[in-house]
Amino acid sequence: MKTLLTGAAGFIGFHTAQRLLALGHEVVGLDNLNEYYDVTLKHARLKQLTPHSGFRFEQLDLADEARMRALFAREQFQWVIHLAAQAGVRYSLQDPHSYIRSNVLGSLNVLEGCRHHGVEHLVYASTSSVYGANTNMPFSVHRGADHPLSLYAATKRADELMAHNYSSLFDLPTTGLRFFTVYGPWGRPDMALFLFTRNILEGKPIDVYNHGHHRRDFTYVDDIAEGVVRACGHVARPDPKWDGNAPDPARSAAPFRLYNIGNNQPVALMRYIELIEECLGRKAQKNFLPLQPGDVPETCADIDDLVRDVGYRPATPVEVGVRRFVDWFCEYYGYRR
């Protein structure tokens, strides 16, 4: 398949590109290489991808309507995997406009490109953050997600609603994937695993929010990438049993689907920190802080639909995933344990 992959220089995009290339797909990777975090890390990821004959890179901003229109017209993609976004819950309190530009306007341009150029399937990234104030665990795609606690979550929920609109009006098959706390090698420097590892190695304290009482459905990045690629091959179809009198949020009379991708085994934050300490052979200095605005105390994914429809279940234990990250981090940044 000829595939457009947005966010190709990002954490999840990089791993997804690797998986697509290993399967023999032609990949056009798009990224604007913004400075939300260290651009040298993004370039290092791209350096791993560019030797592949099946990969081409386009530096392009999703919000650039004219260039996005030209890209779709020129390339005639079969699949589109839309992973690019302004990420981060806390940063959305500092720069809300960047989230609207990237996550809403950018996603609209992707949808328009798919609509006008016969894309066979659009698969896009959503997030567990859309569940917001919900506390009914595990989080299910069949229950409402209309009380987000951050602008980031609100923009990703808007993406889901816009996708349904395009599926309904233009018969565009769309599948939204709600990712749960993705971690692993080549991760983002603003994420907890990255921050914890670096600070422990440098003898600095780590900030532990919610006084360490968080529980997260940590999901290894290769499991996420595999789920994304498999979802592409399972093209969304209308549900003939969908009932407007009792509407299921995850399905539709249009070719639209929502799935959770999570490890389905929540881990306490303090256990997560213990695993990092074990891998490094050092103890962390912990600075306990209250729950931060926009954060939720616990996440857990109901993945029954993913298993049944797509035939896939993430399976990497957190003990294995954390060790792989720490090994990569120390090698990449030259730290000695």
# chains A, B, ... in the order shown; residues from 1 in each chain; ligands from 1
$ residues_around --residues "range 324-330 of chain A" --least-positions-apart "3" --cutoff "8 Å" --atoms "only C-alpha atoms" --output "MDAnalysis selection string"
chainID A and resid 183:186 197 276 279:280 320:321 333:337
$ residues_around --residues "range 257-262 of chain A" --least-positions-apart "3" --cutoff "8 Å" --atoms "only C-alpha atoms" --output "short mmCIF file (atom, residue, chain, number, x, y, z; two decimals) with N, CA, C and O atoms, in the first residue's frame"
data_model
loop_
_atom_site.label_atom_id
_atom_site.label_comp_id
_atom_site.auth_asym_id
_atom_site.auth_seq_id
_atom_site.Cartn_x
_atom_site.Cartn_y
_atom_site.Cartn_z
N SER A 128 -6.45 8.11 25.32
CA SER A 128 -7.23 7.77 26.52
C SER A 128 -7.65 9.00 27.29
O SER A 128 -8.60 8.95 28.09
N SER A 140 -14.34 2.13 28.27
CA SER A 140 -14.92 1.44 27.12
C SER A 140 -15.30 2.43 26.03
O SER A 140 -15.87 3.49 26.32
N VAL A 141 -15.02 2.06 24.79
CA VAL A 141 -15.40 2.90 23.66
C VAL A 141 -16.92 2.96 23.49
O VAL A 141 -17.43 3.81 22.76
N THR A 174 -13.18 5.46 8.35
CA THR A 174 -12.26 6.02 9.34
C THR A 174 -12.24 5.15 10.59
O THR A 174 -13.28 4.65 11.02
N THR A 175 -11.05 4.98 11.15
CA THR A 175 -10.87 4.24 12.40
C THR A 175 -10.03 5.06 13.35
O THR A 175 -8.90 5.44 13.02
N GLY A 176 -10.58 5.37 14.52
CA GLY A 176 -9.86 6.11 15.55
C GLY A 176 -9.33 5.17 16.61
O GLY A 176 -10.04 4.26 17.06
N LEU A 177 -8.08 5.37 17.00
CA LEU A 177 -7.42 4.51 17.99
C LEU A 177 -7.05 5.33 19.21
O LEU A 177 -6.25 6.28 19.12
N ARG A 178 -7.65 4.98 20.34
CA ARG A 178 -7.36 5.69 21.59
C ARG A 178 -6.17 5.02 22.27
O ARG A 178 -6.27 3.93 22.84
N PHE A 179 -5.01 5.69 22.21
CA PHE A 179 -3.78 5.16 22.78
C PHE A 179 -3.75 5.39 24.28
O PHE A 179 -4.14 6.45 24.77
N PHE A 180 -3.19 4.41 25.00
CA PHE A 180 -3.06 4.48 26.46
C PHE A 180 -1.58 4.52 26.84
O PHE A 180 -0.86 3.56 26.67
N THR A 181 -1.13 5.68 27.35
CA THR A 181 0.19 5.91 27.95
C THR A 181 1.29 5.10 27.25
O THR A 181 1.78 4.10 27.77
N ASP A 217 -2.29 2.50 32.36
CA ASP A 217 -2.26 1.36 31.45
C ASP A 217 -1.10 1.58 30.48
O ASP A 217 -1.30 1.95 29.32
N PHE A 218 0.13 1.41 30.97
CA PHE A 218 1.33 1.64 30.17
C PHE A 218 1.38 0.66 29.00
O PHE A 218 1.28 -0.55 29.18
N THR A 219 1.56 1.20 27.78
CA THR A 219 1.50 0.37 26.57
C THR A 219 2.78 0.57 25.76
O THR A 219 3.13 1.70 25.40
N ILE A 224 1.78 -0.66 20.12
CA ILE A 224 0.94 0.37 19.51
C ILE A 224 1.12 0.37 17.99
O ILE A 224 0.14 0.38 17.22
N GLY A 227 -0.57 -2.51 16.39
CA GLY A 227 -2.01 -2.32 16.39
C GLY A 227 -2.46 -1.34 15.32
O GLY A 227 -3.50 -1.54 14.68
N ALA A 236 -12.84 0.01 8.19
CA ALA A 236 -14.10 0.28 8.88
C ALA A 236 -15.29 0.09 7.94
O ALA A 236 -15.25 0.52 6.78
N ARG A 237 -16.34 -0.55 8.44
CA ARG A 237 -17.56 -0.80 7.68
C ARG A 237 -18.76 -0.28 8.47
O ARG A 237 -18.73 -0.21 9.70
N PRO A 249 -21.40 4.85 20.72
CA PRO A 249 -20.40 5.84 20.31
C PRO A 249 -19.26 5.26 19.48
O PRO A 249 -18.59 6.00 18.76
N ALA A 250 -19.02 3.95 19.56
CA ALA A 250 -17.87 3.34 18.90
C ALA A 250 -18.17 2.87 17.48
O ALA A 250 -17.26 2.48 16.75
N ARG A 251 -19.44 2.87 17.10
CA ARG A 251 -19.85 2.35 15.80
C ARG A 251 -20.82 3.32 15.16
O ARG A 251 -21.18 4.33 15.72
N SER A 252 -21.28 2.97 13.95
CA SER A 252 -22.17 3.88 13.25
C SER A 252 -22.81 3.16 12.07
O SER A 252 -22.35 2.10 11.64
N CYS A 300 -7.40 2.58 32.37
CA CYS A 300 -7.40 1.14 32.08
C CYS A 300 -8.24 0.94 30.83
O CYS A 300 -9.38 1.42 30.75
N ALA A 301 -7.72 0.22 29.86
CA ALA A 301 -8.38 0.07 28.56
C ALA A 301 -9.17 -1.23 28.48
O ALA A 301 -8.64 -2.31 28.78
N ASP A 302 -10.42 -1.11 28.06
CA ASP A 302 -11.19 -2.26 27.62
C ASP A 302 -10.84 -2.48 26.15
O ASP A 302 -11.15 -1.63 25.30
N ILE A 303 -10.18 -3.59 25.83
CA ILE A 303 -9.72 -3.84 24.46
C ILE A 303 -10.46 -5.00 23.80
O ILE A 303 -10.00 -5.54 22.79
N ASP A 305 -13.05 -5.10 21.89
CA ASP A 305 -13.38 -4.87 20.47
C ASP A 305 -12.15 -5.03 19.59
O ASP A 305 -12.22 -5.59 18.49
N LEU A 306 -11.00 -4.52 20.05
CA LEU A 306 -9.76 -4.65 19.29
C LEU A 306 -9.40 -6.12 19.08
O LEU A 306 -9.03 -6.53 17.98
N PRO A 314 -2.18 -6.11 22.62
CA PRO A 314 -0.84 -5.74 23.11
C PRO A 314 -0.41 -6.68 24.23
O PRO A 314 -1.23 -7.08 25.06
#
$ closest_residue --among "A:Gln78, A:Asn109, A:Gln18, A:Thr6" --to "Phe55 in chain A" --atoms "only C-alpha atoms"
A:Gln18
$ residues_around --residues "Cys232 in chain A" --least-positions-apart "4" --cutoff "10 Å" --atoms "only C-alpha atoms" --output "PDB file with N, CA, C and O atoms, in the first residue's frame"
ATOM      1  N   THR A   3       1.169   4.671   1.489  1.00  0.00           N
ATOM      2  CA  THR A   3       0.620   5.175   2.747  1.00  0.00           C
ATOM      3  C   THR A   3       1.205   6.535   3.095  1.00  0.00           C
ATOM      4  O   THR A   3       2.427   6.716   3.076  1.00  0.00           O
ATOM      5  N   TRP A  79      -3.766   4.370   1.788  1.00  0.00           N
ATOM      6  CA  TRP A  79      -4.001   4.457   3.228  1.00  0.00           C
ATOM      7  C   TRP A  79      -3.459   5.794   3.735  1.00  0.00           C
ATOM      8  O   TRP A  79      -2.459   6.297   3.223  1.00  0.00           O
ATOM      9  N   VAL A  80      -4.109   6.320   4.754  1.00  0.00           N
ATOM     10  CA  VAL A  80      -3.562   7.458   5.490  1.00  0.00           C
ATOM     11  C   VAL A  80      -3.560   7.105   6.963  1.00  0.00           C
ATOM     12  O   VAL A  80      -4.596   6.706   7.524  1.00  0.00           O
ATOM     13  N   ILE A  81      -2.388   7.213   7.594  1.00  0.00           N
ATOM     14  CA  ILE A  81      -2.241   7.011   9.034  1.00  0.00           C
ATOM     15  C   ILE A  81      -1.886   8.369   9.625  1.00  0.00           C
ATOM     16  O   ILE A  81      -0.792   8.898   9.395  1.00  0.00           O
ATOM     17  N   GLU A 120      -8.620   4.794   0.731  1.00  0.00           N
ATOM     18  CA  GLU A 120      -9.369   3.592   1.084  1.00  0.00           C
ATOM     19  C   GLU A 120      -9.656   3.485   2.579  1.00  0.00           C
ATOM     20  O   GLU A 120     -10.669   2.916   2.979  1.00  0.00           O
ATOM     21  N   HIS A 121      -8.765   4.025   3.411  1.00  0.00           N
ATOM     22  CA  HIS A 121      -8.949   3.921   4.856  1.00  0.00           C
ATOM     23  C   HIS A 121      -8.099   4.982   5.544  1.00  0.00           C
ATOM     24  O   HIS A 121      -6.903   5.104   5.264  1.00  0.00           O
ATOM     25  N   LEU A 122      -8.720   5.732   6.424  1.00  0.00           N
ATOM     26  CA  LEU A 122      -8.017   6.679   7.296  1.00  0.00           C
ATOM     27  C   LEU A 122      -8.005   6.116   8.706  1.00  0.00           C
ATOM     28  O   LEU A 122      -9.061   5.869   9.298  1.00  0.00           O
ATOM     29  N   VAL A 123      -6.803   5.905   9.241  1.00  0.00           N
ATOM     30  CA  VAL A 123      -6.628   5.485  10.632  1.00  0.00           C
ATOM     31  C   VAL A 123      -5.923   6.630  11.351  1.00  0.00           C
ATOM     32  O   VAL A 123      -4.899   7.125  10.874  1.00  0.00           O
ATOM     33  N   TYR A 124      -6.478   7.064  12.480  1.00  0.00           N
ATOM     34  CA  TYR A 124      -5.932   8.241  13.147  1.00  0.00           C
ATOM     35  C   TYR A 124      -5.789   7.996  14.647  1.00  0.00           C
ATOM     36  O   TYR A 124      -6.489   7.168  15.243  1.00  0.00           O
ATOM     37  N   THR A 174     -13.179   5.460   8.348  1.00  0.00           N
ATOM     38  CA  THR A 174     -12.260   6.021   9.340  1.00  0.00           C
ATOM     39  C   THR A 174     -12.238   5.150  10.590  1.00  0.00           C
ATOM     40  O   THR A 174     -13.279   4.653  11.022  1.00  0.00           O
ATOM     41  N   THR A 175     -11.051   4.982  11.151  1.00  0.00           N
ATOM     42  CA  THR A 175     -10.875   4.238  12.396  1.00  0.00           C
ATOM     43  C   THR A 175     -10.032   5.065  13.352  1.00  0.00           C
ATOM     44  O   THR A 175      -8.900   5.441  13.015  1.00  0.00           O
ATOM     45  N   GLY A 227      -0.570  -2.515  16.389  1.00  0.00           N
ATOM     46  CA  GLY A 227      -2.015  -2.316  16.394  1.00  0.00           C
ATOM     47  C   GLY A 227      -2.462  -1.344  15.324  1.00  0.00           C
ATOM     48  O   GLY A 227      -3.498  -1.540  14.678  1.00  0.00           O
ATOM     49  N   VAL A 228      -1.694  -0.277  15.115  1.00  0.00           N
ATOM     50  CA  VAL A 228      -2.029   0.713  14.089  1.00  0.00           C
ATOM     51  C   VAL A 228      -2.032   0.062  12.707  1.00  0.00           C
ATOM     52  O   VAL A 228      -2.970   0.225  11.911  1.00  0.00           O
ATOM     53  N   ALA A 236     -12.840   0.012   8.193  1.00  0.00           N
ATOM     54  CA  ALA A 236     -14.104   0.280   8.884  1.00  0.00           C
ATOM     55  C   ALA A 236     -15.289   0.089   7.936  1.00  0.00           C
ATOM     56  O   ALA A 236     -15.252   0.524   6.779  1.00  0.00           O
ATOM     57  N   VAL A 310     -10.089  -6.823  15.230  1.00  0.00           N
ATOM     58  CA  VAL A 310      -8.788  -6.686  14.578  1.00  0.00           C
ATOM     59  C   VAL A 310      -7.910  -7.909  14.812  1.00  0.00           C
ATOM     60  O   VAL A 310      -6.964  -8.163  14.070  1.00  0.00           O
TER      61      VAL A 310
END
$ closest_residue --among "A:Gly311, A:Gly281, A:Gly29, A:Pro297" --to "Tyr131 in chain A" --atoms "only C-alpha atoms"
A:Pro297
$ closest_residue --among "A:Val296, A:Val110, A:Ala225, A:Val322" --to "Asp64 in chain A" --atoms "only C-alpha atoms"
A:Val110
$ closest_residue --among "A:Val28, A:Met68, A:Ala246, A:Val318" --to "Arg216 in chain A" --atoms "only C-alpha atoms"
A:Val318
$ select_by_dssp --residues "range 5-142 of chain A" --states "helix (DSSP H, G or I)" --output "VMD selection string"
chain A and resid 11 to 22 39 to 49 65 to 75 90 to 93 96 to 116 128 to 131
$ atom_distance --atom1 "CA of Ser129 in chain A" --atom2 "CA of Glu226 in chain A"
21.0 Å
$ closest_residue --among "A:Ile273, A:Val39, A:Val182, A:Ala73" --to "Ile12 in chain A" --atoms "only C-alpha atoms"
A:Val182
$ closest_residue --among "A:Ala84, A:Met1, A:Ala66, A:Ala133" --to "Leu30 in chain A" --atoms "only C-alpha atoms"
A:Ala84
